[in-house]
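**Student:** One structure follows; several queries about it will come next.
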Amino acid sequence: MNIKERKKFGNVVLAPMAGFTSVGYRTFMKRFKVNFSYTEMVSDMGLIYKNEETISYLKTSKFDRPVGLQLFGHDAQNLVKAAKIALEINPNFDFIDINCACPVPKVTNTGAGSSLMKRPDLIYQIVKALKDEINLPISIKIRLGWDDNNLNFEQVISKACEAGVDFIAIHARTKKMGYAGKAHYEIISGLKEKCNAPLIVSGDIFSLDDAIKAIQITNADYVMVARGGVGHPWLIKQIYTYFRSGHRLKEPTLKQQKKWCLQLAKLLIKEKGEAKAIRCYRSIAPSFFSGFVNSKQIRVKLSSSINTLEDLKMILKTIPNH
């Protein structure tokens with residue numbers, strides 16, 4: 001995958017999200033003009049030890065590509081080994097991404113995720129080792145730094161570029177912020193001019209105006225949509241269309257949201273089986289109806305009263321189309 005050539009397919013990237021961005025979710029979102037996406041975060045040691053659940057994250061389809069494998073770990077050789085194992089199981093990945101951004105303690109306590117922001121030299125070693133051993137583009141996803149007193153994203157970017165990284169995604173928060181507060185795009189104003197690699201910006205993209213602001217401030221090549229796209233797939237199409245033509249698409253109707261809610265459920269059931277998919281869907285389905293009249297009542301029903309696809313269909317039938 002040549003990320004510079006990919007720009008002709010739009011500037012919206014689907015973020016890697018644990019528990020969300022499985023092959024079914026990526027396939028569903030692709031139809032809304034996602035340019036490329038990532039797997040859920042995959043443990044290097046999980047692959048090395050042949051953990052069945054970890055291996056299940058490696059599924060792709062002909063419909064969700066281009067897609068990158070996102071690995072987390074803290075040892076360069078283990079990450080290379082894991083990447084090779086993954087590519088033996090599924091050779092259809094288009095790039096390898098290293099997670100240097102996850103703020104969750106069970107990840108950072110191992111030295112992985114955003115803990116890597118403390119060690120720019122190690123990020124260099126990881127990227128260099130992968131570039132030497134893996135014949136695919138290598139990317140990293142980073143944060144601003146560990147906390148407000150350690151905003152070292154420019155140093156990390158410099159080291160990664162020195163190692164030959166192919167592109168970089170930056171979430172405009174520190175590790176300490178987690179997912180709270182507001183993304184600090186002002187801190188990375190004009191960052192693209194200081195970054196030799198193609199740049200993707202991430203954080204708080206919940207509307208078209210959010211995407212416009214993020215791109216204007218940073219001059220980034222791409223914008224990454226994460227939580228803002230859950231239940232709101234039309235947001236992807238709105239961003240895509242605006243940056244192509246300057247045209248603002250109207251917000252989707254309740255009828256459209258109902259249709260998409262059911263479509264995604266069916267894809268996830270096909271992927272995971274009904275019982276597992278519906279358990280996951282209790283946290284996804286309510287998002288399709290935020291902002292509509294009586295949305296609270298609808299959301300409560302969807303989060304607590306669906307055990308089967310038929311349950312979902314019955315609840316959707318009770319929702320008026322306006």
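Just remember, in the structure tokens the first chain shown is A, the second B, etc., residues are 1-based per chain, and ligands are 1-based in the order shown.
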Do you know which residues are at most 8 Å from Ala197 of chain A counting only C-alpha atoms, after dropping those on the same chain fewer than 4 positions away, and could you put them as a list in words?

**Tutor:**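 Listing them by chain and then by number gives Cys161, Val165, Asp166, Phe167 and Ile168 of chain A.
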
**Student:** For those residues, write C-alpha atoms to a file as a CSV table (one decimal), in the first residue's frame.

**Tutor:**
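Okay, this is what ended up in out06.csv:
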```csv
chain,number,residue,atom,x,y,z
A,161,CYS,CA,11.2,9.0,10.4
A,165,VAL,CA,8.5,4.9,9.1
A,166,ASP,CA,6.0,5.1,6.2
A,167,PHE,CA,3.3,7.1,8.0
A,168,ILE,CA,2.3,8.3,11.5
```

**Student:** Enumerate the residues of segment 103-322 of chain A with a DSSP assignment of helix (DSSP H, G or I), computed from the backbone, and present them as a PyMOL selection string.

**Tutor:** chain A and resi 105-108+113-118+120-133+153-162+185-188+191-194+208-218+227-229+234-245+254-272+274-281+285-289+295-304+309-318

**Student:** Neighbours of Phe20 of chain A within 9 Å (only C-alpha atoms; same-chain residues fewer than 5 positions away dropped), as number ranges by chain?

**Tutor:** A: 25-26, 40, 230, 280, 284

**Student:** Find the spatial neighbours of segment 59-71 of chain A, counting only C-alpha atoms, within a cut-off of 10 Å - ignore same-chain residues fewer than 3 positions away - and output them as a PyMOL selection string.

**Tutor:** chain A and resi 1+6+14+16+22-31+34-45+47+55-56+74+79-80+82-83+86-87+89-100+112-113+136-141+271

**Student:** List the spatial neighbours of Met224 of chain A as an NGL selection string - criterion: any atom at most 12 Å away, only C-alpha atoms, same-chain residues fewer than 5 positions off excluded.

**Tutor:** :A and (10-17 or 34-38 or 141 or 168-172 or 199-208 or 210-212 or 214-215 or 229 or 235-236 or 239-240)

**Student:** Which of these, A:Leu267, A:Val300, A:Ala76, A:Val156, has the shortest distance to Ser287 of chain A once you count only C-alpha atoms?

**Tutor:**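 Going through A:Leu267, A:Val300, A:Ala76, A:Val156 one by one, the smallest distance to Ser287 of chain A is for A:Val300.
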
**Student:** Distance atom CA of Lys50 of chain A-atom CA of Asn78 of chain A, one decimal place?

**Tutor:**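 We find that atom CA of Lys50 of chain A and atom CA of Asn78 of chain A lie 13.3 Å from each other.
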
**Student:** Could you tell me which of A:Leu116, A:Tyr242, A:His232, A:Leu312 comes closest to Lys266 of chain A if we count only C-alpha atoms?

**Tutor:**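 Closest residue, counting only C-alpha atoms: A:Leu312.
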
**Student:** Which one is closest to Leu262 of chain A: A:Leu302, A:Ala129, A:Ile142, A:Ile48? Count only C-alpha atoms.

**Tutor:** A:Leu302

**Student:** Compile the contact shell of Gly190 of chain A as a list in words: residues with an atom at most 9 Å away, counting only C-alpha atoms, same-chain residues fewer than 2 positions apart removed.

**Tutor:** Glu186, Ile188, Lys192, Glu193, Lys194, Gln216, Ile217, Thr218, Asn219 and Ala220 of chain A

**Student:** How many Å separate atom CA of Lys258 of chain A from atom CA of Leu316 of chain A?

**Tutor:**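 Calculated distance between atom CA of Lys258 of chain A and atom CA of Leu316 of chain A is 6.5 Å.
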